[in-house]
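Student: First, the structure itself, so that you have it in front of you.
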Amino acid sequence: MTEKGKSLSAPILAFLPAIALIPVLSEIFKEVHGGGLHLLGKFALASFQPSLDPLIIQHAFRGLQITIATALISWTISMCAGSLLGVLSSNVFWRSYRNLGWLSSVFNSLISIPRSIHELVWGLLLLQLFGLNPWVAIVAICIPYSALVARVLRDQLESLDHRPMVAITKNGASPISAFFTALMPAMVPIMTTYGSYRLECALRGATLLGVFGLGGIGTELQLTLQSLEFNEMWTSLWMLGVLMFGLEKTMAQIRKRQAKSINLQKFLLPGLFIIMGLFILCFLWLQILEVDILSTLRMHPITLPQSKELIKAIYSFKYFELIFNTLLIMVLATGIAVGLPPVMLILFPTKKWVTALNILWSFLRLIPPPLSALLLLLITTPSVSVAALALGIHNLGIMGRLLKEGLESQNNAQHQAMLSAGAGMRGAWLYGLFSKQSKSYLAYGAYRADVIVRETSVVGVIGGVGLGWQLQESLSSFGWSEVIVIIAIYIFITRGVETVSNNIRKTLLIDPTKTQINNVFQPNRFVFQ
Amino acid sequence: MIKGRNYIKASVLLLVNILMLNSSVSVSAQETLVIGAIPDQNPERLNRLYGLLTDELSKSLKVPVRYIPVTNYPATVTAFRTGDLDLVWFGGLSGVQARLQTPNAKVLAQRDIDANFRSVFISNKSSQIPVMKTEADLKRLSGRRFTFGSESSTSGRLMPQHFLQKAGVSLNQFKGGRPGFSGSHDATIALVQSGAYEAGALNKQVWDARVKKGKVDQKKVQIIWVTPPYADYHWLIQGDINERFGEGFTKKVKKTLFGLNQNSPTQRRILSLFGATRFIPAEASQYKDIERIGRQLGKIK
């Protein structure tokens with residue numbers, strides 16, 4: 001392929017995944033019935049009339065506080081544990097210490113399992129082992145999040161320039177202190193940016209766990225939707241929306257300062273103290289809300305299935321169908337999430353349109369996927385497409401924001417030049433603005449597929465398809481041997497998808513002109529969100 | 001650094017505060033009887049009902065009683081197994097699941113209606129599904145949009161599925177290749193009435209109560225079939241409850257439940273929220289059939 005052909009392909013390629021929308025919508029529309037259509041209308045109208053009943057507000061506000069406190073506690077713990085695990089799983093740390101490089105691979109395989117399972121699945125499993133305890137939600141979030149943080153920190157540590165560290169060691173410093181003096185300062189900005197992103201994730205995670213009965217605002221959302229009390233549901237949705245909006249804006253500010261390379265070092269210590277203070281405050285907060293966070297977590301082991309039962313369970317599944325459906329949900333949802341934002345933007349690349357899209361995307365990010373699946377089920381029958389659409393539009397909200405931020409942060413001189421040279425609005429947007437972002441955008445899209453495959457468990461439960469549904473059935477029948485088999489398949493699938501998406505990402509990021517590589521390995525959000 | 005010290009001081013003070021709060025709680029804590037229930041209806045209704053029952057039990061048993069709402073069926077079973085709940089109002093299936101996992105748990109009581117409980121199949125009138133005369137007529141539901149309640153509900157899933165199977169309708173014959181699971185009996189009524197599903201199955205007592213209260217729009221939704229009777233809901237209590245609350249405590253709980261009657265206004269209110277006239281003794285053997293059907297349909301392993 002010629003040089004020009006290559007540079008053209010990526011921006012066009014970014015639109016292609018949107019094709020996934022066609023089979024999804026056609027399956028959904030094929031089954032659409034007018035039955036629940038007026039309910040969807042009611043839901044939309046209710047957004048203007050959230051219930052202002054003091055009792056409802058009080059309930060929703062209590063739920064919101066529980067969710068915030070849960071998210072903050074799990075975020076702090078997972079950032080600390082993740083940082084520690086990240087250092088321990090990096091080759092450079094063990095090499096700096098002694099020739100113990102092999103230890104890093106031990107830690108690496110240790111963190112690979114926890115992160116391949118979604119926090120919801122952890123939550124449902126832990127609920128069975130520990131019963132009703134506020135720690136279940138916290139630990140469920142901490143397990144995969146710590147492993148994710150560890151992986152990002154490790155990748156960053158490995159990609160840094162190690163020469164300063166070697167130099168310090170040669171001057172007689174102890175290897176450990178050389179490691180921290182030479183490498184840690186570079187990690188601070190990365191961990192700030194990544195940490196701020198993880199906080200948003202923790203809030204979404206805590207809300208989602210609530211949808212499945214683990215308390216907080218998610219539980220309020222689920223219960224009000226289940227009884228079709230849309231006005232009450234919107235009371236909770238608006239509260240959550242305001243919180244998410246505030247958080248996203250604050251985090252964007254922090255990232256902006258970062259980009260302007262304002263020295264964050266001087267904020268580091270007070271920042272850490274504020275975080276620790278908040279962490280401790282959260283316990284008090286939950287206690288005041290009568291969530292018994294200080295109760296001890298006691299394990300109530302289940303009787304593990306015998307090998308005979310396990311073998312029976314292994315033979316009881318239609319693997320092809322389960323795996324195929326799960327992968328199909330993943331592919332379709334990723335297509336919608338990655339392909340639609342550029343398609344939506346290129347339609348009318350004007351300021352007003354972008355603002356309108358931004359509001360739509362915020363809303364899509366706000367609603368947990370299982371709830372949008374439930375809303376869809378009011379007008380259609382359960383299918384792979386319902387699950388894929390619910391999951392796809394949620395991630396579309398996240399991809400859209402990312403693309404918008406990426407486009408805004410880049411130099412738009414070329415875009416302006418093309419416009420004044422008389423290029424069409426869409427052409428100028430495509431070649432002047434989007435083409436520079438398209439590769440890193442697609443690379444990030446490949447990473448998003450990783451996230452989405454884990455999330456299939458969440459919508460499968462509602463959509464009635466794939467592994468997620470099977471897990472819910474087996475859990476509610478207390479069939480432990482089946483549960484074990486399903487978890488094993490999950491690990492297998494997510495590991496597979498992770499490998500494939502890593503390869504796609506690497507291919508995309510290697511550019512003959514080498515300009516992209518540096519760009520992408522900068523601590524910008526495309527690397528690790 | 002001075003600033004830093006202040007932070008530390010503040011955090012330590014906070015920590016001390018929390019620890020003291022905790023210890024003061026544990027000192028005043030007396031053994032509390034924790035009760036729970038499967039979340040088969042709207043939570044606000046359950047909160048009202050169990051709020052009243054908690055006060056009544058506490059008055060009669062002379063121990064603190066607390067109701068913990070649980071939001072899904074399997075979690076209720078687990079909470080009973082782990083001992084987080086002492087006394088639980090279970091459905092037929094969840095009760096059997098709970099007893100299989102919790103050795104020594106005792107079946108305590110049921111409502112007068114539970115020995116001969118029934119489910120109703122309902123339909124949206126615009127679906128034109130005719131009223132069924134016999135069990136075999138259920139065959140007409142194949143190819144329709146159909147919803148159960150919770151996936152672990154006895155009257156909202158297990159028994160309806162059992163009768164459907166007897167009529168030759170399997171779950172993949174519904175429109176879309178699978179049924180819906182609304183989550184609760186109230187949700188089933190709402191979804192069928194709205195037309196989101198053409199038909200559904202639920203607990204007859206909940207249906208009757210909502211019809212009586214005028215909460216059902218009978219112009220839109222109707223009963224198409226009532227199932228034969230089976231044993232359903234019951235109270236389960238932990239086997240070691242006497243060791244914790246004193247000899248004869250189980251008997252005292254039983255006596256309190258059986259003693260609820262129409263003479264006291266509060267008790268009348270509780271019984272009416274339960275949809276019953278009174279509570280009567282129940283035996284584990286009444287639920288043999290439920291266990292058999294549960295195993296047959298894969299809900300008990």
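Labels for the structure tokens follow display order: chains A, B, ..., residues from 1 in each chain, ligands from 1.
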Provide as a PyMOL selection string the residues of chain B at most 6 Å from chain A, counting only C-alpha atoms.

Tutor: chain B and resi 11+71+74+78-79+82+176+187+194-196+299-301

Student: Please, which residues of stretch 187-244 of chain A, numbered as in this document, come out alpha helix (DSSP H) from DSSP, as a CSV table (one decimal) with N, CA and C atoms, in the first residue's frame?

Tutor:
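In the end it all went to part-v5.csv:
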chain,number,residue,atom,x,y,z
A,187,MET,N,6.1,8.9,37.3
A,187,MET,CA,4.9,8.2,37.4
A,187,MET,C,3.8,9.1,38.0
A,188,VAL,N,4.1,10.1,38.7
A,188,VAL,CA,3.1,10.9,39.4
A,188,VAL,C,2.1,11.5,38.4
A,189,PRO,N,2.5,12.2,37.3
A,189,PRO,CA,1.4,12.7,36.5
A,189,PRO,C,0.6,11.6,35.8
A,190,ILE,N,1.2,10.5,35.5
A,190,ILE,CA,0.5,9.4,34.9
A,190,ILE,C,-0.6,8.9,35.8
A,191,MET,N,-0.1,8.7,37.1
A,191,MET,CA,-1.1,8.1,38.0
A,191,MET,C,-2.2,9.1,38.4
A,192,THR,N,-1.9,10.4,38.3
A,192,THR,CA,-2.9,11.4,38.6
A,192,THR,C,-4.0,11.3,37.5
A,193,THR,N,-3.6,11.3,36.3
A,193,THR,CA,-4.6,11.2,35.2
A,193,THR,C,-5.3,9.9,35.2
A,194,TYR,N,-4.6,8.8,35.3
A,194,TYR,CA,-5.2,7.5,35.3
A,194,TYR,C,-6.1,7.4,36.5
A,195,GLY,N,-5.6,7.9,37.7
A,195,GLY,CA,-6.4,7.8,38.9
A,195,GLY,C,-7.7,8.5,38.8
A,196,SER,N,-7.7,9.7,38.2
A,196,SER,CA,-8.9,10.4,38.0
A,196,SER,C,-9.9,9.7,37.2
A,197,TYR,N,-9.4,9.0,36.1
A,197,TYR,CA,-10.3,8.2,35.3
A,197,TYR,C,-10.9,7.0,36.1
A,198,ARG,N,-10.0,6.4,36.9
A,198,ARG,CA,-10.5,5.2,37.7
A,198,ARG,C,-11.6,5.6,38.7
A,199,LEU,N,-11.5,6.9,39.2
A,199,LEU,CA,-12.5,7.3,40.1
A,199,LEU,C,-13.9,7.3,39.4
A,200,GLU,N,-13.9,7.9,38.2
A,200,GLU,CA,-15.2,7.8,37.4
A,200,GLU,C,-15.7,6.4,37.3
A,201,CYS,N,-14.7,5.5,36.9
A,201,CYS,CA,-15.1,4.1,36.8
A,201,CYS,C,-15.7,3.5,38.1
A,202,ALA,N,-15.0,3.9,39.2
A,202,ALA,CA,-15.5,3.3,40.5
A,202,ALA,C,-16.9,3.8,40.8
A,203,LEU,N,-17.2,5.0,40.4
A,203,LEU,CA,-18.6,5.5,40.6
A,203,LEU,C,-19.6,4.7,39.8
A,204,ARG,N,-19.2,4.5,38.5
A,204,ARG,CA,-20.1,3.8,37.6
A,204,ARG,C,-20.2,2.3,38.1
A,205,GLY,N,-19.1,1.8,38.6
A,205,GLY,CA,-19.1,0.4,39.1
A,205,GLY,C,-20.0,0.2,40.3
A,206,ALA,N,-19.9,1.2,41.2
A,206,ALA,CA,-20.7,1.1,42.4
A,206,ALA,C,-22.2,1.3,42.1
A,207,THR,N,-22.5,2.1,41.1
A,207,THR,CA,-23.9,2.3,40.7
A,207,THR,C,-24.4,1.0,40.1
A,208,LEU,N,-23.6,0.4,39.3
A,208,LEU,CA,-24.0,-0.9,38.6
A,208,LEU,C,-24.2,-2.0,39.6
A,209,LEU,N,-23.3,-2.1,40.6
A,209,LEU,CA,-23.5,-3.2,41.6
A,209,LEU,C,-24.8,-3.0,42.3
A,217,ILE,N,-27.5,4.0,45.0
A,217,ILE,CA,-28.4,4.7,44.1
A,217,ILE,C,-28.9,3.7,43.0
A,218,GLY,N,-28.0,2.7,42.6
A,218,GLY,CA,-28.3,1.7,41.6
A,218,GLY,C,-29.6,0.9,42.0
A,219,THR,N,-29.7,0.6,43.3
A,219,THR,CA,-30.8,-0.2,43.8
A,219,THR,C,-32.1,0.7,43.6
A,220,GLU,N,-32.0,1.9,43.9
A,220,GLU,CA,-33.2,2.8,43.7
A,220,GLU,C,-33.6,2.9,42.3
A,221,LEU,N,-32.6,3.0,41.4
A,221,LEU,CA,-32.9,3.0,40.0
A,221,LEU,C,-33.6,1.8,39.5
A,222,GLN,N,-33.0,0.6,39.9
A,222,GLN,CA,-33.6,-0.6,39.5
A,222,GLN,C,-35.0,-0.8,40.0
A,223,LEU,N,-35.2,-0.5,41.3
A,223,LEU,CA,-36.5,-0.7,41.9
A,223,LEU,C,-37.6,0.2,41.3
A,224,THR,N,-37.2,1.4,41.0
A,224,THR,CA,-38.2,2.4,40.4
A,224,THR,C,-38.5,2.0,39.0
A,225,LEU,N,-37.5,1.5,38.3
A,225,LEU,CA,-37.8,1.1,36.9
A,225,LEU,C,-38.6,-0.1,36.9
A,226,GLN,N,-38.3,-1.1,37.8
A,226,GLN,CA,-39.1,-2.3,37.8
A,226,GLN,C,-40.6,-2.1,38.0
A,230,PHE,N,-41.5,6.0,36.6
A,230,PHE,CA,-40.5,6.8,35.9
A,230,PHE,C,-40.1,8.1,36.6
A,231,ASN,N,-41.1,8.8,37.1
A,231,ASN,CA,-40.9,10.1,37.8
A,231,ASN,C,-39.9,9.9,38.9
A,232,GLU,N,-40.1,8.8,39.7
A,232,GLU,CA,-39.2,8.6,40.8
A,232,GLU,C,-37.8,8.2,40.3
A,233,MET,N,-37.8,7.4,39.2
A,233,MET,CA,-36.5,7.0,38.7
A,233,MET,C,-35.7,8.2,38.3
A,234,TRP,N,-36.4,9.2,37.7
A,234,TRP,CA,-35.7,10.4,37.2
A,234,TRP,C,-35.1,11.2,38.4
A,235,THR,N,-35.8,11.1,39.6
A,235,THR,CA,-35.2,11.8,40.7
A,235,THR,C,-33.8,11.3,41.0
A,236,SER,N,-33.6,10.0,40.9
A,236,SER,CA,-32.3,9.4,41.1
A,236,SER,C,-31.4,9.7,40.0
A,237,LEU,N,-31.9,9.6,38.7
A,237,LEU,CA,-31.1,9.8,37.6
A,237,LEU,C,-30.5,11.2,37.5
A,238,TRP,N,-31.4,12.2,37.9
A,238,TRP,CA,-30.9,13.6,37.8
A,238,TRP,C,-29.8,13.8,38.9
A,239,MET,N,-30.0,13.2,40.1
A,239,MET,CA,-29.0,13.4,41.1
A,239,MET,C,-27.7,12.8,40.7
A,240,LEU,N,-27.8,11.6,40.1
A,240,LEU,CA,-26.5,10.9,39.7
A,240,LEU,C,-25.9,11.7,38.5
A,241,GLY,N,-26.8,12.2,37.7
A,241,GLY,CA,-26.3,13.0,36.5
A,241,GLY,C,-25.5,14.2,37.0
A,242,VAL,N,-26.0,15.0,38.0
A,242,VAL,CA,-25.3,16.2,38.5
A,242,VAL,C,-24.0,15.8,39.0
A,243,LEU,N,-24.0,14.7,39.8
A,243,LEU,CA,-22.7,14.2,40.4
A,243,LEU,C,-21.7,13.8,39.3
A,244,MET,N,-22.2,13.1,38.3
A,244,MET,CA,-21.2,12.6,37.3
A,244,MET,C,-20.7,13.8,36.5

Student: Counting only C-alpha atoms, which of A:Arg257, A:Lys351, A:Lys249, A:Arg495 gets nearest to A:Met425?

Tutor: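 Selected residue with least distance to A:Met425: A:Lys351.
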
Student: Which residues, written as number ranges by chain, have at least one atom at most 9 Å from A:Arg401, with only C-alpha atoms counted and residues fewer than 2 positions away on the same chain left out?

Tutor: A: 341, 358, 361-362, 396-399, 403-406

Student: Export C-alpha atoms of the chosen residues as a CSV table (one decimal), in the first residue's frame?

Tutor:
chain,number,residue,atom,x,y,z
A,341,PRO,CA,-19.2,8.8,17.4
A,358,ASN,CA,-22.4,16.0,24.1
A,361,TRP,CA,-23.5,11.1,25.2
A,362,SER,CA,-23.6,12.2,28.9
A,396,LEU,CA,-20.6,5.0,22.8
A,397,GLY,CA,-21.1,7.8,25.4
A,398,ILE,CA,-17.6,7.1,26.7
A,399,MET,CA,-16.0,6.9,23.3
A,403,LEU,CA,-13.1,11.7,20.8
A,404,LYS,CA,-14.4,15.2,21.5
A,405,GLU,CA,-11.7,15.9,24.0
A,406,GLY,CA,-9.0,14.5,21.7

Student: For B:Val253, which of B:Phe121, B:Tyr73, B:Trp235, B:Phe146 is the closest residue, counting only C-alpha atoms?

Tutor: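 Of all the options, B:Trp235 lies closest to B:Val253.
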
Student: Quick check, in Å to one decimal: how far apart do atom CA of A:Ala443 and atom CA of A:Leu148 lie?

Tutor: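 Pair atom CA of A:Ala443 / atom CA of A:Leu148 returns 17.9 Å.
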
Student: Need the shell around A:Leu419: protein/DNA/RNA residues with any atom at most 12 Å away, counting only C-alpha atoms. Skip same-chain ones fewer than 3 positions apart. Format as a VMD selection string?

Tutor: chain A and resid 349 412 to 416 422 to 433

Student: Residues at most 8 Å from A:Leu357, counting only C-alpha atoms, excluding those fewer than 3 positions away in the same chain, as a PyMOL selection string?

Tutor: chain A and resi 344-345+353-354+360-361

Student: So which residues touch B:Asp112 within 7 Å, counting only C-alpha atoms, skipping near sequence neighbours fewer than 2 positions away, as a ChimeraX atom specification?

Tutor: /B:110,114-115,276-280

Student: Please provide the set of residues having any atom within 12 Å of B:Leu52, restricted to only C-alpha atoms, with same-chain residues fewer than 2 positions apart removed, written as a PDB file with N, CA and C atoms, in the first residue's frame.

Tutor:
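File produced: part-v1.pdb:
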ATOM      1  N   ARG B  45     -44.052  -1.477  49.926  1.00  0.00           N
ATOM      2  CA  ARG B  45     -45.087  -2.280  50.570  1.00  0.00           C
ATOM      3  C   ARG B  45     -44.460  -3.221  51.599  1.00  0.00           C
ATOM      4  N   LEU B  46     -43.340  -3.850  51.199  1.00  0.00           N
ATOM      5  CA  LEU B  46     -42.647  -4.754  52.115  1.00  0.00           C
ATOM      6  C   LEU B  46     -42.157  -3.984  53.342  1.00  0.00           C
ATOM      7  N   ASN B  47     -41.619  -2.782  53.112  1.00  0.00           N
ATOM      8  CA  ASN B  47     -41.130  -1.982  54.238  1.00  0.00           C
ATOM      9  C   ASN B  47     -42.256  -1.671  55.218  1.00  0.00           C
ATOM     10  N   ARG B  48     -43.421  -1.345  54.679  1.00  0.00           N
ATOM     11  CA  ARG B  48     -44.562  -1.018  55.531  1.00  0.00           C
ATOM     12  C   ARG B  48     -44.963  -2.251  56.338  1.00  0.00           C
ATOM     13  N   LEU B  49     -45.107  -3.362  55.623  1.00  0.00           N
ATOM     14  CA  LEU B  49     -45.539  -4.603  56.245  1.00  0.00           C
ATOM     15  C   LEU B  49     -44.574  -5.046  57.344  1.00  0.00           C
ATOM     16  N   TYR B  50     -43.272  -5.095  56.994  1.00  0.00           N
ATOM     17  CA  TYR B  50     -42.314  -5.634  57.962  1.00  0.00           C
ATOM     18  C   TYR B  50     -41.989  -4.639  59.057  1.00  0.00           C
ATOM     19  N   THR B  54     -42.253  -6.084  62.702  1.00  0.00           N
ATOM     20  CA  THR B  54     -41.088  -5.955  63.575  1.00  0.00           C
ATOM     21  C   THR B  54     -41.512  -5.457  64.954  1.00  0.00           C
ATOM     22  N   ASP B  55     -42.335  -4.395  64.971  1.00  0.00           N
ATOM     23  CA  ASP B  55     -42.803  -3.849  66.250  1.00  0.00           C
ATOM     24  C   ASP B  55     -43.592  -4.892  67.035  1.00  0.00           C
ATOM     25  N   GLU B  56     -44.458  -5.602  66.322  1.00  0.00           N
ATOM     26  CA  GLU B  56     -45.317  -6.577  66.967  1.00  0.00           C
ATOM     27  C   GLU B  56     -44.493  -7.719  67.575  1.00  0.00           C
ATOM     28  N   LEU B  57     -43.524  -8.229  66.791  1.00  0.00           N
ATOM     29  CA  LEU B  57     -42.672  -9.324  67.278  1.00  0.00           C
ATOM     30  C   LEU B  57     -41.849  -8.857  68.474  1.00  0.00           C
ATOM     31  N   SER B  58     -41.316  -7.650  68.371  1.00  0.00           N
ATOM     32  CA  SER B  58     -40.476  -7.127  69.432  1.00  0.00           C
ATOM     33  C   SER B  58     -41.266  -7.015  70.723  1.00  0.00           C
ATOM     34  N   LYS B  59     -42.516  -6.548  70.621  1.00  0.00           N
ATOM     35  CA  LYS B  59     -43.368  -6.373  71.795  1.00  0.00           C
ATOM     36  C   LYS B  59     -43.644  -7.726  72.451  1.00  0.00           C
ATOM     37  N   VAL B  65     -35.960  -6.392  67.485  1.00  0.00           N
ATOM     38  CA  VAL B  65     -36.150  -7.064  66.194  1.00  0.00           C
ATOM     39  C   VAL B  65     -35.833  -6.068  65.087  1.00  0.00           C
ATOM     40  N   ARG B  66     -35.102  -6.536  64.057  1.00  0.00           N
ATOM     41  CA  ARG B  66     -34.768  -5.642  62.969  1.00  0.00           C
ATOM     42  C   ARG B  66     -35.100  -6.305  61.637  1.00  0.00           C
ATOM     43  N   TYR B  67     -35.677  -5.522  60.725  1.00  0.00           N
ATOM     44  CA  TYR B  67     -35.967  -6.050  59.387  1.00  0.00           C
ATOM     45  C   TYR B  67     -34.893  -5.558  58.421  1.00  0.00           C
ATOM     46  N   PRO B 265     -56.171  -3.905  65.946  1.00  0.00           N
ATOM     47  CA  PRO B 265     -56.109  -3.202  64.649  1.00  0.00           C
ATOM     48  C   PRO B 265     -54.764  -3.389  63.943  1.00  0.00           C
ATOM     49  N   THR B 266     -53.649  -3.326  64.708  1.00  0.00           N
ATOM     50  CA  THR B 266     -52.339  -3.495  64.065  1.00  0.00           C
ATOM     51  C   THR B 266     -52.205  -4.888  63.475  1.00  0.00           C
ATOM     52  N   GLN B 267     -52.588  -5.884  64.271  1.00  0.00           N
ATOM     53  CA  GLN B 267     -52.458  -7.262  63.793  1.00  0.00           C
ATOM     54  C   GLN B 267     -53.353  -7.503  62.577  1.00  0.00           C
ATOM     55  N   ARG B 268     -54.524  -6.867  62.611  1.00  0.00           N
ATOM     56  CA  ARG B 268     -55.420  -7.016  61.466  1.00  0.00           C
ATOM     57  C   ARG B 268     -54.749  -6.427  60.211  1.00  0.00           C
ATOM     58  N   ARG B 269     -54.099  -5.296  60.424  1.00  0.00           N
ATOM     59  CA  ARG B 269     -53.396  -4.616  59.332  1.00  0.00           C
ATOM     60  C   ARG B 269     -52.275  -5.508  58.769  1.00  0.00           C
ATOM     61  N   ILE B 270     -51.506  -6.112  59.692  1.00  0.00           N
ATOM     62  CA  ILE B 270     -50.410  -6.997  59.257  1.00  0.00           C
ATOM     63  C   ILE B 270     -50.961  -8.156  58.433  1.00  0.00           C
ATOM     64  N   LEU B 271     -51.989  -8.810  58.982  1.00  0.00           N
ATOM     65  CA  LEU B 271     -52.558  -9.963  58.282  1.00  0.00           C
ATOM     66  C   LEU B 271     -53.116  -9.563  56.926  1.00  0.00           C
ATOM     67  N   SER B 272     -53.729  -8.386  56.866  1.00  0.00           N
ATOM     68  CA  SER B 272     -54.295  -7.992  55.565  1.00  0.00           C
ATOM     69  C   SER B 272     -53.176  -7.689  54.564  1.00  0.00           C
ATOM     70  N   LEU B 273     -52.059  -7.132  55.056  1.00  0.00           N
ATOM     71  CA  LEU B 273     -50.922  -6.914  54.141  1.00  0.00           C
ATOM     72  C   LEU B 273     -50.341  -8.244  53.665  1.00  0.00           C
ATOM     73  N   PHE B 274     -50.421  -9.266  54.525  1.00  0.00           N
ATOM     74  CA  PHE B 274     -49.970 -10.601  54.125  1.00  0.00           C
ATOM     75  C   PHE B 274     -51.017 -11.286  53.245  1.00  0.00           C
TER      76      PHE B 274
END
